[in-house]
Structure formats: structure tokens, C-alpha cells
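Enquirer: Have a look at the structure that comes next, please.
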Amino acid sequence: MTTDDQILKNKNSKLLDRFNASLMFDRKLYSQDIRGSIAHAKMLCLQNIITADEQQKIEKGLLQIKDEIEKEQFVWDIRHEDIHMAIETRLTQLIGDTAGKLHTARSRNDQVATDMAIYLREKNNSIATKLKDIITTFASIAHNHTSSLIPGMTHLQHAQPINFGFHLLAYIQMFRRDYERFVSSNLRNNFCPLGSAALAGTPHDIDRHETARLLDFTAASASALDSSSNRDTALEMLFNISMTSMHISRLSEELVLWSSYEFGFVTISDNYATTSSIMPQKKNPDVPELLRGKTGRVYGNLLSLLVVMKSLPLAYNKDTQEDKEGVFDSIETIEMSLDILDDMMKNITINTDNMQKACAVGHLTATDLADYLVRKRDMPFRTAYIVTKDVVKYADGLGKDISAISIEELRASSEILQDIEDEVLGYLNLKNSMNSRDSYGGTSTKQTKAQLKQITKWLESIR
Ligand code: ARG
């Protein structure tokens, strides 16, 4: 081999090390890995596979490694490939050959699956807690606005008057479902893979139920073949994050609209908006825009892992190492997004006057007139609809909103309405209209308050 060949070989092997390694990102799992190893060693000792002395040496060594990592004294070397090998190598340096006994009756396949299961369990819980905080914040804003009118829209067109608290409650319901999704993911993530070994179990007389118990799982996973390459919890995490991001994104879109001159419904705190570098009059809603934009990357991470997994024959394949970066990235993104959303909403100004003004255009109470005619005149809804459409046209001609029309004008608008009772005006009133939708789940102040009460009760139940 010439010197040039040698250099080339070294260069290629460096490249290969880099390509093959996961250490630079899976080192995030060091504490879960060490926890799993300590439990595994304990179980091996209880089963008389290693001695108590060996178990203690292993545990002490692992705890020292944890300490070294946390004090940033640990030397990371990409040639160790991944967090599992890096820790084992260091353990060998610290306690000698005994370190090798730790890998009895396990493989890196069940080891990484266990590390991820513990990590995802922790994150499902911490993200759920953040969602609970968001719901608390939204509920306290909603509480102050159970009769603040805002135009309810469909197709982004004025539809019917609702109150702002009711509007926020829709997001509260979305975030509540998100909360439940993260929490329930852990019901399926509650089976410990450790001891599945490479794919088929082990001839050693281990007690997987004990390992599961030591690691706070409900039970040991039932199939070694499944659990040594299962990435369902990671995928659920990515999906749950995508769903939450989609909800945050819809809200962000509304905040972008609402903070524009055209709407003026909210004022985002200066901390969460920026100015333009060339247009001095501007205040841009960068933060809601970014919250909306982040959705793209978390959808991407979900799709990537779905594609990675789709053609993998059983059991472990190195492809699955590709699960981590996307999962870490999505988790970091959602944690940041939830914290920022929470604080931004705590500091937002709600411009109820502008919301109220916006309700006075677009004939939000037109449906109320139709409903009135159905109920009081026994008119078929289709006829009432056509009559009301004519009234709207007539009001437009006068340059008036239907909620501000006078009884004389209404009577003049259509032959059918020439003797309409005075009381109809009460039905065209915006606030009355909002309050008339008093069906369960509806927008009336009474129903909104009842919905908020339900949420408060639920919040208390999950504390
Ligand atoms: N770093 C690997 C991963 O994340 C650990 C498992 C390696 N197993 C193997 N048989 N090469 O998937």
C-alpha cells in the first residue's frame, strides 16, 4: 500500500465513521441509557447471572460516567459510533473486563428501543404539561370575554355573531384532545423492550418482568421480534406533534389576520413582533408567522420516518437509526412553540371595540330574521331564507347593516314583512343573537360559561 493509498483509506474511514455514527445526536439519550443499564445489571444480579460485586462495580461505574457527562468531562469520540458503545467503552476503561458482562442477554437493538421508550415517555408527559398550561392561559382569557362580540366566520366571511371566549374555547378543545393524545401514547409505550436482545430473546435465564418493573413500565413487551425494531411510539410522537402544530398554526393564522390594520382585533406585544428594516411604520407578527411556519418541518419529520419504516423487513435494520434526529427536532420545536405561544397569549391585547365594530357589518343577524319568520310566522325555512335575502339587499341599498335597520325600513323592504311585529328588532340585535344560540355547545354567554366550567373541572381533575 502506498502512502497515498493509506491516506485515502484513513480519509474514507473517517467519512464512514461519520456516516455510520449516531453519537453526535443520540448522546441526548445518555441518562436513559444509563438508567436502562443499571436496571439490566440489577436484574442480571437477581438472576445470579452476575455477582453482587460485579453489579455494584457496574452501577458505580455507570453513575460516574453520568457525572462525567453532566460535568462535561466526558470525551466524545465519533469512532465509538453511538451512545451505547461510548458508555460501554468508558465503563471498560473504568472497571475493566467486568464491563463486558453488562451486555449479557441484551443487544443494542433492544437497548436503543428501551432508551427511546423511556425518553418518549418523559417527553409525552412534559409536552402534555405544557398543553395544560396553554389551556389554563386560554381559559383565563376566555373567562374575561364571555360576552365580547366578535364576528363568527365561515369561509372567512362574516357568518354569525359569537363571543370571543367561545372562539378561544374552540382552541381549548383542540389542545385538550392534543393533551389526551400525548398522555394516551404512553399507554401503548408502556412495555419494556429490554431483554428482547437482538430479535429473538436470549438463552440466559433473565427476568424481563423485573427489568420492566425497575424501569417503571407496566410490563415487558410481549414479542422480542416486534419490540426490537418497533418505532411506533416515535411515530406517534411525530404525529401528535404534527397535530398540535396544525392547531397552533390555525390560531397563528388568525393572529396574523387579527393583528392587521384590516382587522385590528388584537395587538401583539412588541416583544413578539418586529419592525421592518425599511418601512418605519411597520410591526410584523413574526412570532405567529414562525409558529405557523414550523408546522412544515414537523410534518416533514413525520413523513420522513413513515417512509423510513415502510419497507423494513423484520427485525432491526440500521435504517431505524434515522428516527432520532427528526424526533429530537420535532420535540424541541413543539416545546419552544408551546412556551412561546403561552407567553405571547399572556401578553396580547384584545381590542374588543374593534371586534364589536366588525360585527356591525356583514349582516351577521340575517339568519336570526329567517329563524324568526320560521318560528313566528310558520314559514318554511326556504321561503324565510329568500325573504331575508331580499331584506339584506334592501339594507345594503340603504347602506345599513341588518342589525341596525329600523322597523319602518324592515316593513318597507318586502310585502310579506309589511306588518312585522316590533319585537323582531330584538332578534336582529347582535348580542341577543349571540345569546339566542343557547343549545348545548353553542355560543350564548350562558353556554360559554358552562363550557369554561367544564374545562376548569377537567383541569382540576388532571392536576
Ligand atoms: N445506533 C443504533 C441505532 O440507533 C443502535 C442499534 C445498533 N444496532 C445494530 N445492530 N447495529 O439504531
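Identifiers in this document derive from the order of the C-alpha cells: chains are assigned A, B, ..., residues are numbered from 1 separately in each chain, and ligands are numbered from 1 in order of occurrence.
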Using only C-alpha atoms and all ligand atoms, find each protein or nucleic acid residue lying at most 9 Å from ligand 1; present the set as a VMD selection string.
Expert: chain A and resid 20 to 23 26 81 to 85 107 to 113 198 229 316 to 324
Enquirer: Kindly export the residues of the current selection with N, CA, C and O atoms, as an mmCIF file, in the first residue's frame.
Expert:
```cif
data_model
loop_
_atom_site.group_PDB
_atom_site.id
_atom_site.type_symbol
_atom_site.label_atom_id
_atom_site.label_comp_id
_atom_site.auth_asym_id
_atom_site.auth_seq_id
_atom_site.Cartn_x
_atom_site.Cartn_y
_atom_site.Cartn_z
ATOM 1 N N ASN A 20 -21.801 6.518 9.605
ATOM 2 C CA ASN A 20 -22.365 5.411 10.366
ATOM 3 C C ASN A 20 -22.808 5.816 11.783
ATOM 4 O O ASN A 20 -23.724 5.247 12.347
ATOM 5 N N ALA A 21 -22.135 6.819 12.305
ATOM 6 C CA ALA A 21 -22.302 7.146 13.722
ATOM 7 C C ALA A 21 -23.623 7.850 14.009
ATOM 8 O O ALA A 21 -24.172 8.564 13.168
ATOM 9 N N SER A 22 -24.102 7.631 15.216
ATOM 10 C CA SER A 22 -25.264 8.397 15.678
ATOM 11 C C SER A 22 -24.909 9.154 16.959
ATOM 12 O O SER A 22 -25.743 9.856 17.523
ATOM 13 N N LEU A 23 -23.652 8.978 17.378
ATOM 14 C CA LEU A 23 -23.252 9.530 18.680
ATOM 15 C C LEU A 23 -23.536 11.024 18.810
ATOM 16 O O LEU A 23 -23.964 11.473 19.883
ATOM 17 N N ASP A 26 -27.403 10.886 19.321
ATOM 18 C CA ASP A 26 -28.056 10.029 20.328
ATOM 19 C C ASP A 26 -27.429 10.166 21.720
ATOM 20 O O ASP A 26 -27.912 9.564 22.682
ATOM 21 N N GLU A 81 -19.187 5.235 17.626
ATOM 22 C CA GLU A 81 -20.428 5.039 16.869
ATOM 23 C C GLU A 81 -21.689 5.574 17.542
ATOM 24 O O GLU A 81 -22.377 6.414 16.983
ATOM 25 N N ASP A 82 -22.014 5.062 18.696
ATOM 26 C CA ASP A 82 -23.252 5.547 19.300
ATOM 27 C C ASP A 82 -23.135 5.641 20.822
ATOM 28 O O ASP A 82 -22.111 5.267 21.398
ATOM 29 N N ILE A 83 -24.175 6.132 21.446
ATOM 30 C CA ILE A 83 -24.149 6.374 22.889
ATOM 31 C C ILE A 83 -23.921 5.074 23.667
ATOM 32 O O ILE A 83 -23.227 5.055 24.684
ATOM 33 N N HIS A 84 -24.462 3.976 23.142
ATOM 34 C CA HIS A 84 -24.329 2.695 23.851
ATOM 35 C C HIS A 84 -22.872 2.234 23.890
ATOM 36 O O HIS A 84 -22.361 1.834 24.932
ATOM 37 N N MET A 85 -22.193 2.341 22.732
ATOM 38 C CA MET A 85 -20.794 1.918 22.662
ATOM 39 C C MET A 85 -19.899 2.907 23.411
ATOM 40 O O MET A 85 -18.914 2.503 24.042
ATOM 41 N N SER A 107 -28.967 -6.620 23.463
ATOM 42 C CA SER A 107 -28.209 -6.164 22.301
ATOM 43 C C SER A 107 -28.468 -4.670 22.197
ATOM 44 O O SER A 107 -29.275 -4.126 22.949
ATOM 45 N N ARG A 108 -27.770 -4.033 21.274
ATOM 46 C CA ARG A 108 -28.047 -2.601 21.138
ATOM 47 C C ARG A 108 -29.451 -2.365 20.570
ATOM 48 O O ARG A 108 -30.002 -1.282 20.704
ATOM 49 N N ASN A 109 -29.996 -3.384 19.933
ATOM 50 C CA ASN A 109 -31.327 -3.210 19.335
ATOM 51 C C ASN A 109 -32.404 -2.990 20.401
ATOM 52 O O ASN A 109 -33.192 -2.038 20.325
ATOM 53 N N ASP A 110 -32.422 -3.881 21.398
ATOM 54 C CA ASP A 110 -33.420 -3.681 22.463
ATOM 55 C C ASP A 110 -33.002 -2.531 23.377
ATOM 56 O O ASP A 110 -33.846 -1.864 23.981
ATOM 57 N N GLN A 111 -31.682 -2.288 23.415
ATOM 58 C CA GLN A 111 -31.185 -1.194 24.267
ATOM 59 C C GLN A 111 -31.672 0.170 23.746
ATOM 60 O O GLN A 111 -32.227 0.972 24.492
ATOM 61 N N VAL A 112 -31.494 0.386 22.443
ATOM 62 C CA VAL A 112 -31.905 1.685 21.890
ATOM 63 C C VAL A 112 -33.434 1.814 21.928
ATOM 64 O O VAL A 112 -33.969 2.903 22.183
ATOM 65 N N ALA A 113 -34.121 0.696 21.723
ATOM 66 C CA ALA A 113 -35.594 0.756 21.786
ATOM 67 C C ALA A 113 -36.042 1.148 23.202
ATOM 68 O O ALA A 113 -36.987 1.929 23.376
ATOM 69 N N ALA A 198 -31.269 -9.309 20.431
ATOM 70 C CA ALA A 198 -31.147 -8.851 19.041
ATOM 71 C C ALA A 198 -32.472 -8.926 18.301
ATOM 72 O O ALA A 198 -32.837 -8.018 17.564
ATOM 73 N N SER A 229 -37.480 -3.768 17.050
ATOM 74 C CA SER A 229 -37.399 -2.801 15.944
ATOM 75 C C SER A 229 -38.650 -1.930 15.834
ATOM 76 O O SER A 229 -38.874 -1.294 14.818
ATOM 77 N N TYR A 316 -34.607 -5.630 13.372
ATOM 78 C CA TYR A 316 -33.829 -4.399 13.330
ATOM 79 C C TYR A 316 -33.106 -4.210 11.997
ATOM 80 O O TYR A 316 -32.554 -5.146 11.440
ATOM 81 N N ASN A 317 -33.126 -2.993 11.506
ATOM 82 C CA ASN A 317 -32.296 -2.580 10.375
ATOM 83 C C ASN A 317 -31.697 -1.241 10.758
ATOM 84 O O ASN A 317 -32.324 -0.445 11.464
ATOM 85 N N LYS A 318 -30.521 -0.976 10.250
ATOM 86 C CA LYS A 318 -29.826 0.259 10.629
ATOM 87 C C LYS A 318 -30.631 1.507 10.221
ATOM 88 O O LYS A 318 -30.476 2.580 10.792
ATOM 89 N N ASP A 319 -31.496 1.325 9.225
ATOM 90 C CA ASP A 319 -32.331 2.466 8.804
ATOM 91 C C ASP A 319 -32.997 3.156 9.988
ATOM 92 O O ASP A 319 -33.204 4.369 9.980
ATOM 93 N N THR A 320 -33.377 2.339 10.988
ATOM 94 C CA THR A 320 -34.174 2.913 12.083
ATOM 95 C C THR A 320 -33.378 3.924 12.909
ATOM 96 O O THR A 320 -33.962 4.694 13.661
ATOM 97 N N GLN A 321 -32.064 3.890 12.758
ATOM 98 C CA GLN A 321 -31.257 4.908 13.443
ATOM 99 C C GLN A 321 -31.665 6.314 12.984
ATOM 100 O O GLN A 321 -31.450 7.295 13.672
ATOM 101 N N GLU A 322 -32.279 6.372 11.803
ATOM 102 C CA GLU A 322 -32.733 7.649 11.242
ATOM 103 C C GLU A 322 -33.951 8.216 11.980
ATOM 104 O O GLU A 322 -34.459 9.261 11.626
ATOM 105 N N ASP A 323 -34.447 7.509 12.983
ATOM 106 C CA ASP A 323 -35.624 8.024 13.708
ATOM 107 C C ASP A 323 -35.280 9.225 14.584
ATOM 108 O O ASP A 323 -36.114 10.090 14.810
ATOM 109 N N LYS A 324 -34.024 9.285 15.057
ATOM 110 C CA LYS A 324 -33.761 10.172 16.188
ATOM 111 C C LYS A 324 -33.751 11.656 15.887
ATOM 112 O O LYS A 324 -34.382 12.445 16.592
#
```
Enquirer: What's around Thr367 in chain A at 9 Å? Count only C-alpha atoms, leave out sequence neighbours fewer than 2 positions away in its own chain, and write the answer as JSON, numbers by chain.
Expert: {"A": [159, 160, 363, 364, 365, 369, 370, 371, 372, 385, 388]}
Enquirer: In terms of the shortest atom-to-atom distance over only C-alpha atoms, which of A:Ile134, A:Phe328, A:Ile50, A:Lys123 is closest to Gly100 in chain A?
Expert: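 With only C-alpha atoms as the atom set, the closest residue is A:Ile50.
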Enquirer: Restricting the calculation to only C-alpha atoms, which member of A:Asn301, A:Ser403, A:Ser37, A:Thr211 is positioned closest to Lys431 in chain A?
Expert: A:Ser403
Enquirer: So which residues touch Phe265 in chain A within 7 Å, counting only C-alpha atoms, skipping near sequence neighbours fewer than 6 positions away, as an NGL selection string?
Expert: :A and (258-259 or 350-352 or 354-355)
